[in-house]
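work.tsv follows; it contains TSV, C-alpha atoms.
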```tsv
chain	number	residue	atom	x	y	z
A	1	MET	CA	18.43	-82.71	16.52
A	2	ALA	CA	16.34	-80.39	14.37
A	3	CYS	CA	16.08	-77.05	16.14
A	4	CYS	CA	14.06	-74.04	15.04
A	5	ILE	CA	14.68	-70.72	16.78
A	6	GLY	CA	12.10	-67.96	16.92
A	7	VAL	CA	13.22	-64.33	17.17
A	8	MET	CA	10.37	-61.95	18.01
A	9	ALA	CA	11.26	-58.43	16.90
A	10	TYR	CA	9.71	-55.01	17.21
A	11	ASN	CA	11.80	-52.05	16.06
A	12	GLU	CA	15.14	-53.80	16.58
A	13	GLU	CA	17.03	-52.31	13.64
A	14	SER	CA	20.19	-51.77	15.70
A	15	ASN	CA	20.30	-55.33	17.05
A	16	ILE	CA	18.61	-57.76	14.68
A	17	ARG	CA	21.56	-58.54	12.40
A	18	ALA	CA	23.96	-59.27	15.27
A	19	ALA	CA	21.34	-61.29	17.12
A	20	VAL	CA	20.56	-63.55	14.14
A	21	ARG	CA	24.21	-63.93	13.18
A	22	SER	CA	25.03	-65.09	16.71
A	23	LEU	CA	22.39	-67.80	16.25
A	24	LEU	CA	23.69	-68.84	12.84
A	25	ALA	CA	27.17	-69.25	14.33
A	26	GLN	CA	26.00	-71.85	16.86
A	27	THR	CA	27.44	-75.35	16.44
A	28	GLY	CA	27.61	-78.61	18.37
A	29	PRO	CA	26.69	-82.29	18.16
A	30	HIS	CA	23.06	-81.52	19.05
A	31	VAL	CA	22.81	-78.61	16.58
A	32	VAL	CA	22.66	-80.47	13.29
A	33	ASP	CA	19.60	-79.01	11.57
A	34	LEU	CA	19.19	-75.36	12.52
A	35	SER	CA	16.57	-72.94	11.21
A	36	ILE	CA	15.57	-69.45	12.33
A	37	VAL	CA	12.24	-67.64	12.00
A	38	VAL	CA	12.24	-63.89	12.60
A	39	VAL	CA	8.75	-62.62	13.36
A	40	ALA	CA	8.77	-58.83	12.91
A	41	SER	CA	5.52	-57.34	14.20
A	42	GLY	CA	4.40	-53.80	13.41
A	43	CYS	CA	7.93	-52.52	12.87
A	44	THR	CA	8.29	-48.89	11.82
A	45	ASP	CA	12.07	-48.88	11.42
A	46	ALA	CA	14.57	-50.89	9.35
A	47	THR	CA	14.18	-54.17	11.27
A	48	VAL	CA	12.61	-56.06	8.39
A	49	PRO	CA	15.05	-55.06	5.61
A	50	ARG	CA	18.02	-55.74	7.89
A	51	ALA	CA	16.68	-59.15	8.85
A	52	ARG	CA	16.05	-59.92	5.17
A	53	GLU	CA	19.59	-58.85	4.39
A	54	VAL	CA	20.85	-61.65	6.65
A	55	ALA	CA	18.29	-64.09	5.23
A	56	ALA	CA	19.43	-63.32	1.68
A	57	HIS	CA	22.85	-64.75	2.55
A	58	ASP	CA	21.67	-67.79	4.53
A	59	ASN	CA	18.66	-69.90	3.60
A	60	ARG	CA	18.30	-71.10	7.19
A	61	VAL	CA	16.65	-67.76	8.02
A	62	GLU	CA	13.01	-66.95	7.28
A	63	VAL	CA	11.54	-63.51	7.91
A	64	VAL	CA	7.82	-63.21	8.65
A	65	GLU	CA	6.44	-59.68	8.64
A	66	GLU	CA	3.24	-58.85	10.51
A	67	GLU	CA	1.51	-55.54	9.90
A	68	ARG	CA	0.21	-55.20	13.45
A	69	ARG	CA	1.92	-55.63	16.80
A	70	GLU	CA	-0.25	-57.70	19.12
A	71	GLY	CA	2.31	-58.67	21.74
A	72	LYS	CA	5.13	-61.15	22.01
A	73	ALA	CA	2.88	-64.10	22.89
A	74	ALA	CA	0.90	-63.56	19.68
A	75	ALA	CA	4.15	-63.40	17.71
A	76	ILE	CA	5.24	-66.70	19.28
A	77	VAL	CA	2.04	-68.32	18.01
A	78	THR	CA	2.98	-67.11	14.51
A	79	PHE	CA	6.43	-68.63	15.02
A	80	LEU	CA	4.89	-71.98	16.02
A	81	GLU	CA	2.95	-72.01	12.75
A	82	HIS	CA	6.24	-71.67	10.81
A	83	ALA	CA	8.27	-74.21	12.80
A	84	GLU	CA	6.77	-77.49	11.66
A	85	GLY	CA	9.03	-80.52	11.77
A	86	ALA	CA	11.44	-79.26	14.42
A	87	GLU	CA	12.23	-81.57	17.33
A	88	VAL	CA	13.08	-78.66	19.61
A	89	LEU	CA	11.90	-75.06	19.46
A	90	ALA	CA	13.79	-72.14	20.98
A	91	LEU	CA	13.16	-68.46	21.62
A	92	ALA	CA	15.95	-65.90	21.55
A	93	GLY	CA	15.68	-62.15	21.96
A	94	ALA	CA	16.24	-59.80	19.04
A	95	ASP	CA	18.32	-57.72	21.44
A	96	THR	CA	20.56	-60.52	22.75
A	97	ILE	CA	23.76	-62.21	21.64
A	98	LEU	CA	24.41	-65.93	22.21
A	99	GLU	CA	27.92	-66.85	23.28
A	100	PRO	CA	29.61	-69.72	21.38
A	101	GLY	CA	28.26	-73.11	22.46
A	102	ALA	CA	25.14	-71.62	24.07
A	103	LEU	CA	22.65	-73.39	21.82
A	104	GLU	CA	24.40	-76.76	22.24
A	105	ALA	CA	24.20	-76.37	26.03
A	106	LEU	CA	20.55	-75.35	25.75
A	107	VAL	CA	19.52	-78.30	23.56
A	108	ALA	CA	21.63	-81.13	25.03
A	109	PRO	CA	19.32	-81.71	28.06
A	110	PHE	CA	16.59	-82.90	25.70
A	111	ASP	CA	18.42	-86.23	25.48
A	112	ASP	CA	16.40	-86.89	28.63
A	113	PRO	CA	12.80	-87.53	27.46
A	114	ALA	CA	11.47	-86.17	30.77
A	115	VAL	CA	12.82	-82.68	30.00
A	116	GLY	CA	10.24	-80.45	28.36
A	117	MET	CA	11.87	-77.02	28.57
A	118	THR	CA	15.31	-75.54	29.17
A	119	GLY	CA	16.56	-72.06	29.88
A	120	GLY	CA	19.86	-70.30	29.41
A	121	HIS	CA	21.99	-68.09	31.63
A	122	PRO	CA	21.52	-64.36	30.94
A	123	ILE	CA	24.69	-62.29	31.35
A	124	PRO	CA	24.09	-58.53	31.63
A	125	VAL	CA	26.57	-56.27	29.84
A	126	ASN	CA	25.64	-53.30	32.07
A	127	ASP	CA	28.57	-51.37	33.51
A	128	THR	CA	28.98	-52.35	37.17
A	129	ASP	CA	30.70	-49.02	37.88
A	130	THR	CA	27.25	-47.39	37.79
A	131	LEU	CA	24.62	-47.93	40.47
A	132	MET	CA	21.95	-49.19	38.06
A	133	GLY	CA	24.51	-51.39	36.35
A	134	ARG	CA	25.35	-53.00	39.69
A	135	VAL	CA	21.63	-53.37	40.49
A	136	VAL	CA	20.96	-55.16	37.20
A	137	ASN	CA	23.93	-57.48	37.64
A	138	LEU	CA	22.81	-58.29	41.19
A	139	LEU	CA	19.32	-59.08	39.93
A	140	TRP	CA	20.58	-61.58	37.38
A	141	GLU	CA	23.10	-63.08	39.80
A	142	LEU	CA	20.16	-63.79	42.11
A	143	HIS	CA	18.13	-65.23	39.22
A	144	HIS	CA	21.07	-67.49	38.42
A	145	ALA	CA	21.39	-68.64	42.03
A	146	VAL	CA	17.66	-69.39	42.29
A	147	ALA	CA	17.58	-71.15	38.90
A	148	LEU	CA	20.38	-73.50	39.94
A	149	GLU	CA	18.11	-74.81	42.69
A	150	ASN	CA	14.66	-74.33	41.13
A	151	PRO	CA	14.64	-73.44	37.41
A	152	LYS	CA	13.36	-70.02	36.41
A	153	LEU	CA	13.72	-69.80	32.65
A	154	GLY	CA	13.91	-66.62	30.57
A	155	GLU	CA	15.74	-64.54	27.92
A	156	LEU	CA	16.81	-67.73	26.09
A	157	VAL	CA	14.60	-70.83	26.28
A	158	ALA	CA	13.97	-74.05	24.37
A	159	PHE	CA	11.04	-76.46	24.58
A	160	ARG	CA	9.54	-79.49	22.94
A	161	PRO	CA	6.79	-78.78	20.37
A	162	VAL	CA	4.05	-80.10	22.65
A	163	PHE	CA	1.59	-77.22	22.20
A	164	ALA	CA	0.31	-75.22	19.26
A	165	THR	CA	-0.84	-72.01	20.89
A	166	LEU	CA	-0.13	-69.75	23.84
A	167	PRO	CA	-2.44	-67.53	25.89
A	168	ARG	CA	-2.05	-63.77	25.60
A	169	THR	CA	0.36	-62.86	28.36
A	170	ALA	CA	3.08	-60.42	29.38
A	171	VAL	CA	5.31	-63.27	30.60
A	172	ASP	CA	5.59	-65.67	27.69
A	173	GLU	CA	8.45	-67.82	29.02
A	174	ALA	CA	6.63	-68.32	32.33
A	175	ALA	CA	3.45	-69.24	30.43
A	176	ILE	CA	5.43	-71.87	28.51
A	177	GLU	CA	6.80	-73.14	31.83
A	178	ALA	CA	3.21	-73.55	33.05
A	179	THR	CA	2.16	-75.43	29.91
A	180	VAL	CA	5.18	-77.75	29.98
A	181	ARG	CA	4.75	-78.51	33.68
A	182	SER	CA	1.04	-79.23	33.17
A	183	LEU	CA	2.02	-81.95	30.69
A	184	GLY	CA	4.17	-83.68	33.31
A	185	LEU	CA	7.48	-82.62	31.78
A	186	ARG	CA	10.47	-81.23	33.67
A	187	LEU	CA	12.18	-77.84	33.51
A	188	ALA	CA	15.98	-77.75	33.27
A	189	TYR	CA	18.33	-74.82	33.74
A	190	ALA	CA	21.37	-74.80	31.42
A	191	PRO	CA	23.92	-72.44	33.04
A	192	GLU	CA	26.44	-72.97	30.23
A	193	ALA	CA	23.95	-71.59	27.71
A	194	ARG	CA	25.18	-68.04	28.17
A	195	VAL	CA	23.36	-65.18	26.47
A	196	ARG	CA	24.44	-61.56	26.60
A	197	MET	CA	21.71	-58.99	27.20
A	198	LYS	CA	21.28	-55.53	28.64
A	199	GLY	CA	19.15	-54.60	31.61
A	200	PRO	CA	17.53	-51.22	32.22
A	201	CYS	CA	19.95	-48.34	32.77
A	202	THR	CA	17.54	-46.04	34.61
A	203	ALA	CA	15.28	-46.52	37.62
A	204	ARG	CA	12.30	-45.50	35.48
A	205	ASP	CA	13.02	-48.20	32.89
A	206	TYR	CA	13.72	-50.78	35.62
A	207	LEU	CA	10.37	-50.10	37.29
A	208	ALA	CA	8.50	-50.23	33.97
A	209	GLN	CA	10.02	-53.60	33.08
A	210	ARG	CA	9.73	-55.25	36.48
A	211	ARG	CA	6.21	-53.86	37.05
A	212	ARG	CA	4.99	-55.46	33.85
A	213	ILE	CA	6.65	-58.77	34.70
A	214	HIS	CA	5.18	-58.96	38.20
A	215	ALA	CA	1.69	-58.13	36.94
A	216	GLY	CA	2.09	-60.90	34.37
A	217	HIS	CA	3.24	-63.39	36.99
A	218	LEU	CA	0.26	-62.58	39.19
A	219	ARG	CA	-2.16	-63.10	36.32
A	220	LEU	CA	-0.45	-66.35	35.33
A	221	ARG	CA	-0.67	-67.69	38.88
A	222	ARG	CA	-4.36	-66.83	39.02
A	223	THR	CA	-5.22	-68.39	35.66
A	224	SER	CA	-2.97	-71.46	35.64
A	225	GLY	CA	-1.83	-72.00	39.21
A	226	HIS	CA	1.81	-71.83	38.10
A	227	GLU	CA	4.21	-69.78	40.20
A	228	VAL	CA	7.70	-69.03	38.91
A	229	SER	CA	10.52	-69.82	41.31
A	230	THR	CA	11.55	-66.15	41.67
A	231	PHE	CA	8.03	-65.22	42.77
A	232	SER	CA	8.65	-66.45	46.31
A	233	VAL	CA	9.85	-63.64	48.59
A	234	ARG	CA	11.13	-66.24	51.08
A	235	ARG	CA	13.27	-67.97	48.45
A	236	ILE	CA	14.63	-64.66	47.21
A	237	ALA	CA	15.42	-63.54	50.78
A	238	ARG	CA	17.39	-66.76	51.44
A	239	THR	CA	19.31	-66.30	48.20
A	240	VAL	CA	20.06	-62.64	48.96
A	241	TRP	CA	21.36	-63.55	52.41
A	242	ARG	CA	23.70	-66.20	51.05
A	243	ALA	CA	24.96	-64.03	48.19
A	244	ARG	CA	24.96	-60.64	49.95
A	245	PRO	CA	27.88	-58.38	48.95
A	246	ARG	CA	30.57	-57.63	51.51
A	247	ASP	CA	31.66	-54.21	50.24
A	248	LEU	CA	29.93	-50.90	50.93
A	249	TYR	CA	29.14	-50.16	47.27
A	250	GLY	CA	27.66	-53.60	46.82
A	251	THR	CA	25.55	-53.18	49.96
A	252	VAL	CA	24.22	-49.85	48.68
A	253	ALA	CA	23.41	-51.43	45.32
A	254	LEU	CA	21.65	-54.32	47.06
A	255	GLY	CA	19.55	-51.87	49.08
A	256	ALA	CA	18.64	-50.03	45.88
A	257	ALA	CA	17.75	-53.31	44.18
A	258	ILE	CA	15.50	-54.37	47.05
A	259	GLY	CA	13.76	-50.99	47.08
A	260	LEU	CA	13.22	-50.94	43.33
A	261	GLU	CA	11.99	-54.53	43.22
A	262	ALA	CA	9.57	-53.97	46.10
A	263	THR	CA	8.21	-50.85	44.39
A	264	ALA	CA	7.86	-52.67	41.06
A	265	ARG	CA	5.97	-55.52	42.73
A	266	LEU	CA	3.61	-53.10	44.44
A	267	LEU	CA	2.94	-51.34	41.14
A	268	GLY	CA	2.46	-54.66	39.35
A	269	THR	CA	0.01	-55.78	42.03
A	270	TRP	CA	-1.90	-52.52	41.60
A	271	ASP	CA	-2.04	-53.05	37.83
A	272	ASP	CA	-3.30	-56.61	38.20
A	273	ARG	CA	-5.81	-56.21	41.01
A	274	PHE	CA	-7.19	-52.72	40.51
A	275	LEU	CA	-6.43	-51.48	37.00
A	276	GLY	CA	-6.79	-54.78	35.14
A	277	ARG	CA	-3.72	-54.02	33.01
A	278	SER	CA	-2.53	-57.13	31.20
A	279	HIS	CA	0.66	-55.59	29.72
A	280	GLU	CA	0.34	-58.03	26.77
A	281	VAL	CA	1.64	-55.35	24.40
A	282	TRP	CA	4.26	-53.49	26.37
A	283	GLU	CA	6.28	-50.37	25.73
A	284	ARG	CA	9.88	-50.82	24.61
A	285	ILE	CA	12.49	-50.21	27.30
A	286	PRO	CA	14.87	-47.87	25.42
A	287	SER	CA	17.93	-48.27	27.62
A	288	THR	CA	18.01	-52.05	27.10
A	289	LYS	CA	18.43	-51.82	23.34
A	290	ASP	CA	22.12	-50.94	23.10
A	291	LEU	CA	24.29	-53.94	23.95
A	292	THR	CA	27.29	-51.76	24.65
A	293	PRO	CA	27.68	-51.13	28.41
```
Go ahead and render the structure in this file as C-alpha cells.
Amino acid sequence: MACCIGVMAYNEESNIRAAVRSLLAQTGPHVVDLSIVVVASGCTDATVPRAREVAAHDNRVEVVEEERREGKAAAIVTFLEHAEGAEVLALAGADTILEPGALEALVAPFDDPAVGMTGGHPIPVNDTDTLMGRVVNLLWELHHAVALENPKLGELVAFRPVFATLPRTAVDEAAIEATVRSLGLRLAYAPEARVRMKGPCTARDYLAQRRRIHAGHLRLRRTSGHEVSTFSVRRIARTVWRARPRDLYGTVALGAAIGLEATARLLGTWDDRFLGRSHEVWERIPSTKDLTP
C-alpha cells in the first residue's frame, strides 16, 4: 500500500542521512509505494543540505524547509499537507534507525479496516553497563510490556489519513492516538517493528524529557479525555512487579528509575497546573542525539 513517512527534523545534521537511508531500505509486500517527506524546521546546522544530498540520489525523498521552528506538531501538519494520496502515513524520528522489516511490520496491521494507528517497538542503544543506560532500558522494557497489553504508541507510528490537522501539543503521538480513538478506530502495537533510538544519558536530560512528556499527557487528558496506557500508576506498578530485576544492580537501577520518573511527573504536574507551560516547542536533549552507546 502507498505509504508516506514524515521525518520531523531540527538540527539533526549528525543523524538525518542515516535515518532517511534506513527508511529507504525498507521492503516488504505491504511497502510497495514508499515516499518520504523531511520537514526541517528552523535548522541552524547542516540538516537541510545533508537531507537534500540523500534526496538528490533518490526521488522518493522530498525535503521541506521551514524558516521558523514552531514545534513538532506544527511540523506534522506541514507533513500532512505534502502527503496527499498515501493510504498510510507514518512518523519516524530524525534521530532513529529502523531495523530491516520494521516498516512492513508497522504497516501490515492496516489490512484490518478497524485499525487506525500502529506503533513500533523502540530499542534503546544505551549502554546497560552504566546506571542511566540501565534506567533507560528498563523504561522501554516497561513500555513494551504495557504496550503488549494496552497499546502505547511512540517513536515510530503509522496511521490512516483520517485527519488534516493536529492541535499544538508536546505529545504528538498521543494526540494522534486520541484523534484515531475518537473516530472509533483501534490502536495496534507492532512489536516486530523495531526502531533503534537513544534515551537520555544524564539524570538532567532524563528529567527534562520525561517532565515535558508528563505535562503534555496531562494537558491532553484535560482537553480530549484521552489517557495513554502508561499514564496509569497502577498499571505501571503491576508491570514493574512482574518484570522486576532479580540482581542487585538491576534493583538499584529500578529504584533510580522509579525516583526519576516520580520526580519528572511531579515537575510535569507543576508545569501544567501552576506554570501553564505547554512544552510545544521543547529544548533538544543533547545526549539522545548520538546513536552510538
Could you list, as a tab-separated table (two decimals) with C-alpha atoms, in the frame of the given file, every residue within 8 Å of Gly116 in chain A, counting all atoms listed in the file and ignoring same-chain residues fewer than 3 positions away?
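Saved to part-v4.tsv:
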```tsv
chain	number	residue	atom	x	y	z
A	110	PHE	CA	16.59	-82.90	25.70
A	113	PRO	CA	12.80	-87.53	27.46
A	159	PHE	CA	11.04	-76.46	24.58
A	160	ARG	CA	9.54	-79.49	22.94
A	180	VAL	CA	5.18	-77.75	29.98
A	181	ARG	CA	4.75	-78.51	33.68
A	185	LEU	CA	7.48	-82.62	31.78
A	186	ARG	CA	10.47	-81.23	33.67
A	187	LEU	CA	12.18	-77.84	33.51
```
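Proximity to range 253-269 of chain A at 7 Å, evaluated using all atoms listed in the file and with sequence-adjacent residues fewer than 6 positions away removed, yields A:Leu131, A:Arg134, A:Val135, A:Leu207, A:Arg210, A:Arg211, A:Arg212, A:His214, A:Ala215.
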(request) Extract, using all atoms listed in the file, all DNA, RNA and protein residues at most 8 Å from Leu156 in chain A, discarding same-chain residues fewer than 6 positions from it, and format them as an MDAnalysis selection string. (result) chainID A and resid 90:93 119:122 195
(request) For Cys43 in chain A, please output as number ranges by chain all residues within 10 Å (counting only C-alpha atoms; exclusion window: fewer than 2 positions along the same chain). (result) A: 9-13, 40-41, 45-48, 65-69
Go ahead and write the selection's residues with C-alpha atoms as an mmCIF file, in the coordinates of the input.
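Output contents, as saved in result31.cif:
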```
data_model
loop_
_atom_site.group_PDB
_atom_site.id
_atom_site.type_symbol
_atom_site.label_atom_id
_atom_site.label_comp_id
_atom_site.auth_asym_id
_atom_site.auth_seq_id
_atom_site.Cartn_x
_atom_site.Cartn_y
_atom_site.Cartn_z
ATOM 1 C CA ALA A 9 11.260 -58.430 16.900
ATOM 2 C CA TYR A 10 9.710 -55.010 17.210
ATOM 3 C CA ASN A 11 11.800 -52.050 16.060
ATOM 4 C CA GLU A 12 15.140 -53.800 16.580
ATOM 5 C CA GLU A 13 17.030 -52.310 13.640
ATOM 6 C CA ALA A 40 8.770 -58.830 12.910
ATOM 7 C CA SER A 41 5.520 -57.340 14.200
ATOM 8 C CA ASP A 45 12.070 -48.880 11.420
ATOM 9 C CA ALA A 46 14.570 -50.890 9.350
ATOM 10 C CA THR A 47 14.180 -54.170 11.270
ATOM 11 C CA VAL A 48 12.610 -56.060 8.390
ATOM 12 C CA GLU A 65 6.440 -59.680 8.640
ATOM 13 C CA GLU A 66 3.240 -58.850 10.510
ATOM 14 C CA GLU A 67 1.510 -55.540 9.900
ATOM 15 C CA ARG A 68 0.210 -55.200 13.450
ATOM 16 C CA ARG A 69 1.920 -55.630 16.800
#
```
(message) Could you tell me how far CA of Val64 in chain A sits from CA of Thr78 in chain A, in Å to one decimal place?
(response)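 Between these atoms lies a distance of 8.5 Å.
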(request) Could you tell me how far CA of Ala83 in chain A lies from CA of Glu173 in chain A, in Å and to one decimal? (result)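 Atom-to-atom, CA of Ala83 in chain A and CA of Glu173 in chain A are spaced 17.4 Å apart.
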(message) Nearest residue to Gly71 in chain A out of A:Leu103, A:Ala25, A:Leu89, A:Val39, using all atoms listed in the file?
(response) A:Val39
(request) With a distance cut-off of 10 Å and all atoms listed in the file, select the neighbouring residues of Arg21 in chain A, excluding the residue or stretch itself and same-chain residues fewer than 3 positions from it, and output the selection as a list in words. (result) Ile16, Arg17, Ala18, Leu24, Ala25, Gln26, Ala51, Val54, Ala55, Asp58, Val61, Ile97 and Leu98 of chain A
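We find CA of Glu81 in chain A and CA of Cys3 in chain A to be spaced 14.5 Å apart.
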(request) Give the answer as one residue: which of A:Arg52, A:Arg168, A:Arg196, A:His226 has the shortest atom-to-atom distance to Val281 in chain A, using all atoms listed in the file? (result) A:Arg168
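Considering the residues A:Val233, A:Ala19, A:Ala203, A:Val32 and counting all atoms listed in the file, Val136 in chain A has its shortest atom-to-atom contact with A:Ala203.
For the residues A:Pro109, A:Gly199, A:Pro151, A:Gly6, ranking by smallest atom-to-atom distance to Pro286 in chain A using only C-alpha atoms places A:Gly199 first.
Minimum atom-to-atom distance to Asp172 in chain A, evaluated using all atoms listed in the file, belongs to A:Glu280 out of A:Asp111, A:Asp95, A:Glu280, A:Glu141.
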(request) Identify which of the residues A:Gln209, A:Ser278, A:Asn150, A:Ser35 lies closest to Glu227 in chain A, counting all atoms listed in the file when measuring atom-to-atom distances. (result) A:Asn150
